[in-house]
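K.L.:
File follows, work26.txt with compact mmCIF, C-alpha atoms and all ligand atoms:
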# COMPACT_ATOMS: atom_id res chain seq x y z
CA MET A 1217 -20.40 9.86 -5.61
CA ALA A 1218 -18.28 12.06 -3.40
CA ASP A 1219 -14.91 13.30 -2.30
CA VAL A 1220 -13.55 12.65 1.19
CA VAL A 1221 -11.31 15.11 2.98
CA LEU A 1222 -9.44 14.63 6.25
CA LYS A 1223 -8.12 17.80 7.89
CA ASN A 1224 -5.65 17.52 10.77
CA VAL A 1225 -7.36 14.35 11.94
CA GLU A 1226 -6.17 12.87 15.18
CA LYS A 1227 -7.21 9.90 17.30
CA LEU A 1228 -6.19 9.30 20.89
CA TYR A 1229 -7.39 6.05 22.47
CA ASP A 1230 -5.45 6.66 25.65
CA LYS A 1231 -4.72 10.17 26.81
CA ASN A 1232 -1.09 10.17 25.76
CA VAL A 1233 -0.91 7.72 22.88
CA ALA A 1234 -1.93 8.94 19.46
CA ALA A 1235 -3.08 6.12 17.16
CA VAL A 1236 -3.50 8.65 14.34
CA ARG A 1237 -1.68 11.99 14.21
CA ASN A 1238 -2.37 15.04 12.12
CA VAL A 1239 -3.61 13.21 9.04
CA ASN A 1240 -4.40 15.35 6.02
CA LEU A 1241 -5.80 13.60 2.97
CA GLU A 1242 -7.93 14.62 0.02
CA ILE A 1243 -9.57 11.74 -1.76
CA LYS A 1244 -11.17 12.88 -4.97
CA ASP A 1245 -14.54 11.84 -6.29
CA ARG A 1246 -14.21 8.39 -7.98
CA GLU A 1247 -10.64 7.96 -6.86
CA PHE A 1248 -9.26 4.67 -5.50
CA VAL A 1249 -6.95 5.50 -2.60
CA VAL A 1250 -5.09 2.87 -0.61
CA LEU A 1251 -3.91 3.38 2.97
CA VAL A 1252 -0.93 1.11 3.46
CA GLY A 1253 1.57 0.56 6.27
CA PRO A 1254 2.74 -1.99 8.81
CA SER A 1255 0.42 -3.40 11.45
CA GLY A 1256 -0.53 -0.84 14.10
CA CYS A 1257 0.28 2.25 12.01
CA GLY A 1258 -3.29 3.59 12.25
CA LYS A 1259 -4.81 2.58 8.90
CA SER A 1260 -7.92 0.89 10.28
CA THR A 1261 -8.47 3.62 12.83
CA THR A 1262 -8.36 6.20 10.02
CA LEU A 1263 -10.84 4.20 7.94
CA ARG A 1264 -13.13 3.63 10.93
CA MET A 1265 -13.18 7.35 11.65
CA ILE A 1266 -14.27 7.98 8.05
CA ALA A 1267 -16.98 5.35 8.54
CA GLY A 1268 -18.04 6.90 11.84
CA LEU A 1269 -17.25 3.75 13.81
CA GLU A 1270 -14.63 5.66 15.84
CA GLU A 1271 -14.92 9.18 17.14
CA VAL A 1272 -12.45 11.75 15.89
CA THR A 1273 -10.39 13.23 18.75
CA ALA A 1274 -9.39 16.33 16.76
CA GLY A 1275 -9.73 17.63 13.21
CA GLU A 1276 -12.51 17.32 10.66
CA ILE A 1277 -13.70 14.73 8.18
CA TYR A 1278 -15.68 15.93 5.18
CA ILE A 1279 -17.73 13.74 2.86
CA ASP A 1280 -19.04 15.49 -0.22
CA GLY A 1281 -18.14 18.86 1.30
CA LYS A 1282 -19.97 18.38 4.60
CA VAL A 1283 -18.34 17.86 7.99
CA VAL A 1284 -19.46 14.43 9.19
CA ASN A 1285 -17.73 14.26 12.60
CA ASP A 1286 -21.08 14.20 14.41
CA ILE A 1287 -23.07 12.25 11.82
CA PRO A 1288 -23.76 8.60 12.74
CA PRO A 1289 -22.40 5.87 10.41
CA LYS A 1290 -25.80 4.98 8.94
CA ASP A 1291 -26.32 8.54 7.74
CA ARG A 1292 -22.90 8.98 6.11
CA ASP A 1293 -23.84 7.24 2.86
CA ILE A 1294 -20.83 4.96 3.00
CA ALA A 1295 -20.54 1.18 2.89
CA MET A 1296 -17.75 -0.76 4.49
CA VAL A 1297 -16.39 -4.21 3.63
CA PHE A 1298 -14.58 -5.90 6.51
CA GLN A 1299 -11.81 -8.47 6.63
CA ASN A 1300 -14.03 -11.02 8.38
CA TYR A 1301 -16.94 -10.31 5.95
CA ALA A 1302 -19.38 -9.90 8.91
CA LEU A 1303 -22.17 -11.88 7.19
CA TYR A 1304 -25.23 -12.98 9.18
CA PRO A 1305 -24.87 -16.78 9.44
CA HIS A 1306 -28.61 -17.53 9.75
CA MET A 1307 -29.52 -15.54 6.64
CA SER A 1308 -29.22 -16.61 3.01
CA VAL A 1309 -26.95 -14.75 0.62
CA TYR A 1310 -30.00 -12.93 -0.75
CA GLU A 1311 -31.13 -11.90 2.72
CA ASN A 1312 -27.64 -10.82 3.68
CA MET A 1313 -27.46 -8.58 0.64
CA ALA A 1314 -31.01 -7.29 1.06
CA PHE A 1315 -30.77 -6.64 4.79
CA GLY A 1316 -29.48 -3.06 4.70
CA LEU A 1317 -32.09 -2.06 2.12
CA LYS A 1318 -34.90 -3.67 4.14
CA LEU A 1319 -33.82 -1.71 7.21
CA ARG A 1320 -34.05 1.43 5.15
CA LYS A 1321 -37.55 0.39 4.03
CA TYR A 1322 -36.85 0.13 0.32
CA PRO A 1323 -39.78 -1.30 -1.68
CA LYS A 1324 -39.48 -5.03 -2.30
CA PRO A 1325 -39.21 -4.87 -6.10
CA GLU A 1326 -36.36 -2.38 -5.86
CA ILE A 1327 -34.53 -4.56 -3.32
CA GLU A 1328 -34.91 -7.51 -5.63
CA GLN A 1329 -33.68 -5.56 -8.62
CA ARG A 1330 -30.64 -4.20 -6.77
CA VAL A 1331 -29.66 -7.56 -5.26
CA ASN A 1332 -29.96 -9.30 -8.62
CA GLU A 1333 -27.97 -6.60 -10.33
CA ALA A 1334 -25.16 -6.80 -7.73
CA ALA A 1335 -25.21 -10.60 -7.82
CA GLY A 1336 -24.86 -10.40 -11.61
CA ILE A 1337 -21.89 -8.04 -11.40
CA LEU A 1338 -20.17 -10.34 -8.89
CA GLY A 1339 -21.13 -13.64 -10.50
CA ILE A 1340 -22.93 -14.98 -7.43
CA GLY A 1341 -26.46 -15.23 -8.84
CA HIS A 1342 -26.47 -19.00 -8.38
CA LEU A 1343 -25.61 -18.70 -4.68
CA LEU A 1344 -28.46 -16.45 -3.53
CA ALA A 1345 -30.33 -19.20 -1.65
CA ARG A 1346 -27.29 -20.52 0.21
CA LYS A 1347 -26.25 -19.74 3.78
CA PRO A 1348 -22.75 -18.27 4.34
CA LYS A 1349 -21.42 -21.51 5.82
CA ALA A 1350 -22.02 -23.24 2.49
CA LEU A 1351 -19.77 -20.76 0.66
CA SER A 1352 -16.04 -20.70 0.01
CA GLY A 1353 -13.92 -17.84 1.35
CA GLY A 1354 -13.90 -16.12 -2.01
CA GLU A 1355 -17.67 -16.41 -2.38
CA ARG A 1356 -18.24 -14.98 1.10
CA GLN A 1357 -16.00 -12.10 0.16
CA ARG A 1358 -18.10 -11.46 -2.94
CA VAL A 1359 -21.29 -11.48 -0.86
CA ALA A 1360 -19.75 -8.96 1.54
CA VAL A 1361 -18.87 -6.75 -1.44
CA GLY A 1362 -22.37 -7.32 -2.87
CA ARG A 1363 -23.94 -6.13 0.34
CA ALA A 1364 -21.99 -2.89 -0.05
CA ILE A 1365 -22.85 -2.47 -3.75
CA VAL A 1366 -26.63 -2.77 -3.33
CA ARG A 1367 -26.61 0.30 -1.15
CA LYS A 1368 -25.12 2.39 -3.97
CA PRO A 1369 -23.20 4.42 -1.42
CA LYS A 1370 -21.22 7.57 -2.12
CA VAL A 1371 -18.07 5.99 -0.74
CA PHE A 1372 -16.85 2.41 -0.36
CA LEU A 1373 -14.49 1.59 2.48
CA PHE A 1374 -12.49 -1.66 2.48
CA ASP A 1375 -10.62 -2.87 5.57
CA GLU A 1376 -8.13 -5.60 4.53
CA PRO A 1377 -10.90 -7.40 2.62
CA LEU A 1378 -8.62 -10.00 1.04
CA SER A 1379 -6.50 -11.00 4.04
CA ASN A 1380 -8.40 -14.20 4.72
CA LEU A 1381 -8.10 -15.54 1.18
CA ASP A 1382 -5.38 -17.79 -0.17
CA ALA A 1383 -2.71 -16.20 -2.36
CA LYS A 1384 -4.21 -17.10 -5.74
CA LEU A 1385 -7.71 -15.98 -4.85
CA ARG A 1386 -6.31 -12.78 -3.42
CA VAL A 1387 -4.75 -11.90 -6.76
CA GLN A 1388 -8.02 -12.69 -8.54
CA MET A 1389 -10.16 -10.65 -6.15
CA ARG A 1390 -7.67 -7.81 -6.44
CA THR A 1391 -8.41 -7.47 -10.14
CA GLU A 1392 -12.14 -7.94 -9.51
CA ILE A 1393 -12.23 -5.07 -7.06
CA SER A 1394 -10.25 -2.90 -9.49
CA LYS A 1395 -12.73 -3.74 -12.27
CA LEU A 1396 -15.60 -3.00 -9.91
CA HIS A 1397 -14.11 0.38 -9.22
CA ASN A 1398 -14.01 1.16 -12.94
CA ARG A 1399 -17.53 -0.12 -13.45
CA LEU A 1400 -19.18 1.62 -10.48
CA GLU A 1401 -17.12 4.81 -10.86
CA ALA A 1402 -17.18 5.01 -7.08
CA THR A 1403 -14.91 6.64 -4.54
CA MET A 1404 -13.06 3.84 -2.79
CA ILE A 1405 -10.74 3.87 0.21
CA TYR A 1406 -8.90 0.64 0.79
CA VAL A 1407 -6.77 -0.40 3.77
CA THR A 1408 -4.06 -3.05 3.48
CA HIS A 1409 -0.68 -3.92 4.99
CA ASP A 1410 0.31 -5.50 1.67
CA GLN A 1411 2.35 -3.14 -0.50
CA VAL A 1412 1.74 -5.23 -3.63
CA GLU A 1413 -2.01 -4.84 -3.16
CA ALA A 1414 -1.49 -1.11 -2.64
CA MET A 1415 0.69 -0.72 -5.74
CA THR A 1416 -1.56 -2.73 -8.03
CA MET A 1417 -4.90 -1.27 -6.94
CA GLY A 1418 -4.44 2.34 -5.89
CA ASP A 1419 -4.78 5.40 -8.12
CA ARG A 1420 -2.90 6.93 -5.24
CA ILE A 1421 -1.35 5.42 -2.14
CA ALA A 1422 -0.98 6.93 1.33
CA VAL A 1423 1.88 5.26 3.20
CA MET A 1424 1.44 5.42 6.98
CA LYS A 1425 3.81 4.81 9.87
CA ASP A 1426 3.27 5.38 13.59
CA GLY A 1427 -0.07 7.11 13.05
CA GLU A 1428 1.25 9.54 10.47
CA VAL A 1429 0.99 9.74 6.71
CA GLN A 1430 4.51 9.65 5.29
CA GLN A 1431 3.74 10.21 1.61
CA VAL A 1432 0.76 10.28 -0.72
CA ALA A 1433 1.48 9.60 -4.38
CA ASP A 1434 0.63 7.45 -7.38
CA PRO A 1435 2.40 4.06 -7.45
CA ILE A 1436 5.24 4.96 -9.84
CA HIS A 1437 6.01 8.22 -8.11
CA LEU A 1438 6.07 6.46 -4.74
CA TYR A 1439 8.39 3.79 -6.08
CA GLU A 1440 10.78 6.14 -7.84
CA THR A 1441 10.83 9.10 -5.50
CA PRO A 1442 10.16 7.98 -1.93
CA VAL A 1443 10.35 10.89 0.52
CA ASN A 1444 12.22 8.94 3.19
CA ARG A 1445 13.97 5.70 3.97
CA PHE A 1446 10.84 4.15 5.46
CA VAL A 1447 8.75 4.58 2.30
CA ALA A 1448 11.72 3.49 0.16
CA GLY A 1449 12.04 0.28 2.16
CA PHE A 1450 8.34 -0.44 2.53
CA ILE A 1451 7.42 -0.17 -1.14
CA GLY A 1452 8.98 -2.76 -3.46
CA SER A 1453 9.75 -6.44 -3.11
CA PRO A 1454 12.44 -7.54 -2.53
CA GLY A 1455 13.07 -4.29 -0.68
CA MET A 1456 15.58 -1.58 -1.48
CA ASN A 1457 19.19 -2.24 -0.44
CA PHE A 1458 20.50 0.25 2.14
CA MET A 1459 24.03 0.94 3.28
CA ASP A 1460 25.32 3.45 5.80
CA GLY A 1461 28.44 5.30 4.70
CA ARG A 1462 30.04 8.66 4.16
CA ILE A 1463 30.17 11.25 1.37
CA GLU A 1464 33.75 12.31 0.56
CA ALA A 1465 35.35 14.51 -2.07
CA LYS A 1466 37.87 12.79 -4.33
CA ASN A 1467 39.64 14.29 -7.38
CA GLY A 1468 36.85 16.76 -8.03
CA ALA A 1469 34.15 14.12 -7.68
CA LEU A 1470 31.96 13.10 -4.76
CA VAL A 1471 32.07 9.48 -3.66
CA PHE A 1472 30.02 7.38 -1.29
CA GLU A 1473 32.41 5.33 0.84
CA GLU A 1474 31.95 2.50 3.26
CA GLY A 1475 34.94 0.34 4.18
CA ARG A 1476 36.63 -0.64 0.94
CA LEU A 1477 33.57 0.10 -1.12
CA SER A 1478 33.58 3.32 -3.11
CA LEU A 1479 30.89 4.54 -5.51
CA THR A 1480 31.08 7.77 -7.47
CA VAL A 1481 28.07 10.04 -7.08
CA PRO A 1482 26.54 10.82 -10.51
CA GLU A 1483 27.01 14.40 -11.72
CA THR A 1484 23.26 15.04 -11.56
CA MET A 1485 23.17 14.20 -7.84
CA LYS A 1486 26.25 16.22 -6.91
CA PRO A 1487 24.49 19.52 -6.15
CA ALA A 1488 22.13 17.83 -3.69
CA LEU A 1489 24.95 15.95 -1.93
CA GLU A 1490 27.60 18.67 -1.92
CA SER A 1491 26.68 19.91 1.54
CA TYR A 1492 26.91 16.38 2.99
CA ARG A 1493 30.66 16.16 2.32
CA GLY A 1494 32.38 14.48 5.26
CA GLN A 1495 29.01 13.42 6.68
CA GLU A 1496 27.31 10.12 7.12
CA VAL A 1497 24.41 9.31 4.78
CA VAL A 1498 22.43 6.24 3.79
CA PHE A 1499 22.82 4.94 0.25
CA GLY A 1500 19.89 3.05 -1.29
CA ILE A 1501 19.59 1.01 -4.48
CA ARG A 1502 16.75 -1.23 -5.64
CA PRO A 1503 17.61 -4.88 -6.42
CA GLU A 1504 16.75 -4.44 -10.11
CA ASN A 1505 19.50 -1.84 -10.30
CA VAL A 1506 22.09 -4.34 -9.13
CA ALA A 1507 23.21 -7.08 -11.55
CA ALA A 1508 26.08 -9.39 -12.33
CA ALA A 1509 28.91 -7.18 -13.56
CA GLY A 1510 29.01 -6.77 -17.31
CA THR A 1511 25.58 -8.28 -17.98
CA VAL A 1512 23.66 -5.04 -18.39
CA LYS A 1513 24.54 -2.84 -21.32
CA ALA A 1514 21.83 -0.20 -21.22
CA TRP A 1515 22.61 1.31 -17.82
CA ALA A 1516 23.65 4.94 -17.77
CA ASP A 1517 26.19 4.69 -14.97
CA PRO A 1518 27.18 1.14 -13.99
CA GLN A 1519 29.81 0.86 -11.26
CA GLU A 1520 31.36 -2.33 -9.95
CA ILE A 1521 31.41 -3.61 -6.39
CA ALA A 1522 32.67 -6.92 -5.01
CA ALA A 1523 30.22 -9.30 -3.33
CA THR A 1524 29.84 -12.88 -2.16
CA VAL A 1525 26.83 -15.07 -2.96
CA GLU A 1526 24.91 -16.37 0.09
CA VAL A 1527 21.47 -17.50 -1.07
CA ILE A 1528 19.94 -17.99 -4.52
CA GLU A 1529 16.19 -17.84 -5.15
CA PRO A 1530 15.17 -18.72 -8.72
CA MET A 1531 11.79 -17.14 -9.51
CA GLY A 1532 11.53 -18.45 -13.08
CA SER A 1533 11.48 -15.11 -14.88
CA GLU A 1534 14.45 -13.85 -12.88
CA THR A 1535 16.63 -14.87 -9.94
CA PHE A 1536 17.02 -13.13 -6.60
CA VAL A 1537 20.56 -13.38 -5.28
CA TYR A 1538 21.27 -12.57 -1.63
CA LEU A 1539 24.86 -11.43 -1.27
CA THR A 1540 27.16 -9.67 1.16
CA THR A 1541 29.38 -6.82 0.22
CA GLY A 1542 31.80 -6.12 3.03
CA LYS A 1543 29.58 -6.72 6.03
CA HIS A 1544 26.40 -5.55 4.31
CA PRO A 1545 23.61 -7.74 3.00
CA PHE A 1546 22.64 -6.93 -0.58
CA ILE A 1547 19.99 -8.29 -2.92
CA ALA A 1548 20.30 -8.40 -6.69
CA ARG A 1549 17.69 -9.38 -9.28
CA ILE A 1550 19.59 -11.09 -12.04
CA ASP A 1551 18.90 -12.90 -15.29
CA ALA A 1552 17.25 -16.29 -14.64
CA HIS A 1553 19.80 -18.04 -16.82
CA LEU A 1554 22.82 -16.97 -14.80
CA SER A 1555 23.53 -19.45 -12.04
CA PRO A 1556 26.15 -18.18 -9.62
CA ALA A 1557 27.62 -20.71 -7.19
CA LEU A 1558 26.97 -20.39 -3.47
CA ASP A 1559 29.82 -18.75 -1.52
CA SER A 1560 31.43 -17.63 -4.79
CA ASP A 1561 32.67 -14.11 -5.38
CA MET A 1562 30.34 -12.28 -7.72
CA PRO A 1563 31.31 -8.83 -8.99
CA LEU A 1564 28.19 -6.68 -9.23
CA SER A 1565 27.23 -3.72 -11.36
CA VAL A 1566 25.33 -1.01 -9.53
CA ASN A 1567 23.33 1.39 -11.68
CA MET A 1568 24.28 4.60 -9.91
CA ALA A 1569 21.94 6.66 -12.10
CA LYS A 1570 19.16 5.06 -10.01
CA ALA A 1571 20.80 5.54 -6.60
CA HIS A 1572 18.99 7.10 -3.65
CA PHE A 1573 20.57 8.93 -0.75
CA PHE A 1574 18.94 9.57 2.61
CA ARG A 1575 19.94 11.69 5.59
CA LYS A 1576 21.31 9.67 8.45
CA ASP A 1577 19.55 11.59 11.24
CA ASP A 1578 15.90 11.95 10.16
CA GLU A 1579 16.10 9.56 7.19
CA ARG A 1580 14.60 12.04 4.74
CA ALA A 1581 15.50 11.61 1.07
CA ILE A 1582 18.34 13.85 -0.12
CA VAL A 1583 18.14 12.76 -3.76
P1 LIG B 1 -3.56 -0.79 11.66
O1 LIG B 1 -4.91 -0.83 11.06
O2 LIG B 1 -2.60 0.04 10.87
O3 LIG B 1 -3.00 -2.14 11.98
P2 LIG B 1 -4.91 0.36 13.94
O4 LIG B 1 -5.55 1.57 13.37
O5 LIG B 1 -5.77 -0.83 14.15
O6 LIG B 1 -3.64 -0.02 13.07
O7 LIG B 1 -4.23 0.72 15.33
C1 LIG B 1 -3.41 1.88 15.51
C2 LIG B 1 -2.96 1.93 16.95
O8 LIG B 1 -4.06 2.14 17.82
C3 LIG B 1 -2.30 0.64 17.44
O9 LIG B 1 -1.24 0.98 18.28
C4 LIG B 1 -3.40 -0.05 18.20
O10 LIG B 1 -2.88 -0.85 19.22
C5 LIG B 1 -4.19 1.12 18.76
N1 LIG B 1 -5.62 0.80 18.93
C6 LIG B 1 -6.46 0.40 17.96
N2 LIG B 1 -7.72 0.23 18.43
C7 LIG B 1 -7.66 0.54 19.75
C8 LIG B 1 -8.62 0.58 20.81
N3 LIG B 1 -9.91 0.26 20.59
N4 LIG B 1 -8.19 0.95 22.03
C9 LIG B 1 -6.90 1.29 22.26
N5 LIG B 1 -5.96 1.29 21.30
C10 LIG B 1 -6.32 0.92 20.07
Written as structure tokens, how would this file's structure read?
P.N.:
Amino acid sequence: MADVVLKNVEKLYDKNVAAVRNVNLEIKDREFVVLVGPSGCGKSTTLRMIAGLEEVTAGEIYIDGKVVNDIPPKDRDIAMVFQNYALYPHMSVYENMAFGLKLRKYPKPEIEQRVNEAAGILGIGHLLARKPKALSGGERQRVAVGRAIVRKPKVFLFDEPLSNLDAKLRVQMRTEISKLHNRLEATMIYVTHDQVEAMTMGDRIAVMKDGEVQQVADPIHLYETPVNRFVAGFIGSPGMNFMDGRIEAKNGALVFEEGRLSLTVPETMKPALESYRGQEVVFGIRPENVAAAGTVKAWADPQEIAATVEVIEPMGSETFVYLTTGKHPFIARIDAHLSPALDSDMPLSVNMAKAHFFRKDDERAIV
């Protein structure tokens, strides 16, 4: 197995447009790292440069301590699993899985042993004689993963491997790939636009936007301490509530104000926000830190705001309520047994101990 290091990696397709800019990443041996971000942010390009399928415009990529910029894909000791599976339609499952080993002139008994072992791990032993067209989407996906496993590569690369599967199968394959990672103790780099996939699978997650890595962290750290408004809004579903407003001083305290709404800044956040007095900032609060007023007893610093109910989405275990407060949309996750009426006024508690504040200009996190 191996570590993968990207140093100041850049990719220009056209002279002036950078698809990937100054990416620095260190993926440790046996780590599972997810590259996540919206479509077009440069995730696939980054992965394809690691695979050697795209040239690097600037910077270096190291696999296992060696610069691989000029090493062709087949000599990088990596295996890649694609979104469209890329199986050969005229070959059986066995032949698809054996193909890469045959090319590399492995002895037949070893090929057989490796294919059978991989098929056993993936539970596709009974499908070895079938052609890809006689397989379901999930089975094809397993074959594509099997083809990667038989190679026993140093590094596995996954490019949106679950995007073509239905929702239920996607959740199942998610856990299967996580289990596979534990079993193979392999270094894995996984690209997805789906933040839930990223959060549930990654040891660490690199959030990308516009060709740049915004933050690299483990899931909890990313969720609780996003470095900027983009990461805060991208991670979590439903997304974080944001509101533009102003920090003002009032009776020795600092308050966040917007229209008639006024929230007192917790003591612990005062030092960080002191210098923003009189300035515009962005306030952020996750929906689980907003509830029907008076229903949550354990919060450290609940503060009330007025809101009106617009849409109710019962999820079974909880209910998402879409509200407006002043002119701002707001989402609250409330107890499933509360059933507020549409268009009714609903006083909310906001857990200010969990508030986030971002700068208005560059959107970096203040606290
Ligand atoms: P993602 O995987 O995050 O959706 P990509 O890495 O595929 O994003 O693309 C990043 C950017 O590079 C996009 O703006 C995309 O249009 C551009 N791009 C990708 N491949 C090519 C290519 N072969 N030629 C020109 N531009 C490309």
K.L.:
Can you work out which residues are within 9 Å of ligand LIG 1 (chain B), considering only C-alpha atoms and all ligand atoms, and then hand them over as number ranges by chain?
P.N.:
A: 1227-1230, 1233-1236, 1251-1264, 1270, 1375-1376, 1407-1409, 1424-1427
K.L.:
Dump as number ranges by chain all residues having an atom at most 12 Å from (23.0, -7.1, -1.0), computed in the file's coordinates with all atoms listed in the file.
P.N.:
A: 1454-1459, 1500-1508, 1521-1528, 1536-1549, 1562-1566
K.L.:
Residues within 12 Å of Lys1324 of chain A, please, as an NGL selection string. Count only C-alpha atoms; anything in the same chain fewer than 5 positions from it doesn't count.
P.N.:
:A and (1311 or 1314-1315 or 1317-1319 or 1329-1331)
K.L.:
Deliver the residues from the most recent selection as a file, using C-alpha atoms, as a PDB file, keeping the file's coordinate frame.
P.N.:
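Output below, filename part-v3.pdb:
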ATOM      1  CA  GLU A1311     -31.130 -11.900   2.720  1.00  0.00           C
ATOM      2  CA  ALA A1314     -31.010  -7.290   1.060  1.00  0.00           C
ATOM      3  CA  PHE A1315     -30.770  -6.640   4.790  1.00  0.00           C
ATOM      4  CA  LEU A1317     -32.090  -2.060   2.120  1.00  0.00           C
ATOM      5  CA  LYS A1318     -34.900  -3.670   4.140  1.00  0.00           C
ATOM      6  CA  LEU A1319     -33.820  -1.710   7.210  1.00  0.00           C
ATOM      7  CA  GLN A1329     -33.680  -5.560  -8.620  1.00  0.00           C
ATOM      8  CA  ARG A1330     -30.640  -4.200  -6.770  1.00  0.00           C
ATOM      9  CA  VAL A1331     -29.660  -7.560  -5.260  1.00  0.00           C
TER      10      VAL A1331
END
K.L.:
Measuring between only C-alpha atoms, which one of A:Phe1446, A:Phe1374, A:Trp1515, A:Tyr1278 shows the shortest distance to Ile1243 of chain A?
P.N.:
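Checking each candidate against Ile1243 of chain A, we get A:Tyr1278 as the closest.
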K.L.:
What lies within 7 Å of Ile1405 of chain A using only C-alpha atoms, ignoring chain neighbours under 3 positions off, as a PDB file with C-alpha atoms, keeping the file's coordinate frame?
P.N.:
ATOM      1  CA  PHE A1248      -9.260   4.670  -5.500  1.00  0.00           C
ATOM      2  CA  VAL A1249      -6.950   5.500  -2.600  1.00  0.00           C
ATOM      3  CA  VAL A1250      -5.090   2.870  -0.610  1.00  0.00           C
ATOM      4  CA  PHE A1372     -16.850   2.410  -0.360  1.00  0.00           C
ATOM      5  CA  LEU A1373     -14.490   1.590   2.480  1.00  0.00           C
ATOM      6  CA  PHE A1374     -12.490  -1.660   2.480  1.00  0.00           C
TER       7      PHE A1374
END
K.L.:
With the cut-off set at 7 Å and counting all atoms listed in the file, tabulate each residue of segment 1332-1434 of chain A with an atom at most that distance from an atom of segment 1295-1309 of chain A, showing the nearest atom pair and its distance in Å to one decimal, ordered by chain and increasing number, as CSV.
P.N.:
residue,atom,partner,partner_atom,distance
A:Leu1343,CA,A:Val1309,CA,6.7
A:Leu1344,CA,A:Val1309,CA,4.7
A:Ala1345,CA,A:Ser1308,CA,5.4
A:Arg1346,CA,A:Ser1308,CA,5.2
A:Lys1347,CA,A:Ser1308,CA,4.4
A:Pro1348,CA,A:Pro1305,CA,5.7
A:Lys1349,CA,A:Pro1305,CA,6.9
A:Arg1356,CA,A:Tyr1301,CA,6.9
A:Gln1357,CA,A:Tyr1301,CA,6.1
A:Val1359,CA,A:Val1309,CA,6.7
A:Ala1360,CA,A:Tyr1301,CA,5.4
A:Val1361,CA,A:Val1297,CA,6.2
A:Ala1364,CA,A:Ala1295,CA,5.2
A:Pro1369,CA,A:Ala1295,CA,6.0
A:Val1371,CA,A:Ala1295,CA,6.5
A:Phe1372,CA,A:Ala1295,CA,5.1
A:Leu1373,CA,A:Met1296,CA,4.5
A:Phe1374,CA,A:Val1297,CA,4.8
A:Asp1375,CA,A:Phe1298,CA,5.1
A:Glu1376,CA,A:Gln1299,CA,5.1
A:Pro1377,CA,A:Gln1299,CA,4.2
A:Leu1378,CA,A:Gln1299,CA,6.6
A:Ser1379,CA,A:Gln1299,CA,6.4
A:Asn1380,CA,A:Gln1299,CA,6.9
K.L.:
Calculate how many Å separate atom CA of Gly1449 of chain A from atom CA of Asn1567 of chain A, rounding to one decimal.
P.N.:
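Calculated distance between atom CA of Gly1449 of chain A and atom CA of Asn1567 of chain A is 17.9 Å.
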K.L.:
Which residues come within 9 Å of segment 1468-1476 of chain A, counting only C-alpha atoms, excluding same-chain residues fewer than 4 positions away, as a list in words?
P.N.:
Met1459, Asp1460, Gly1461, Arg1462, Ile1463, Glu1464, Thr1480, Val1481, Pro1482, Glu1483, Lys1486, Leu1489, Glu1490, Arg1493, Val1497, Phe1499 and Gly1542 of chain A
K.L.:
Between atom CA of Gln1495 of chain A and atom CA of Gln1430 of chain A, what is the distance, to one decimal in Å?
P.N.:
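Between these atoms lies a distance of 24.8 Å.
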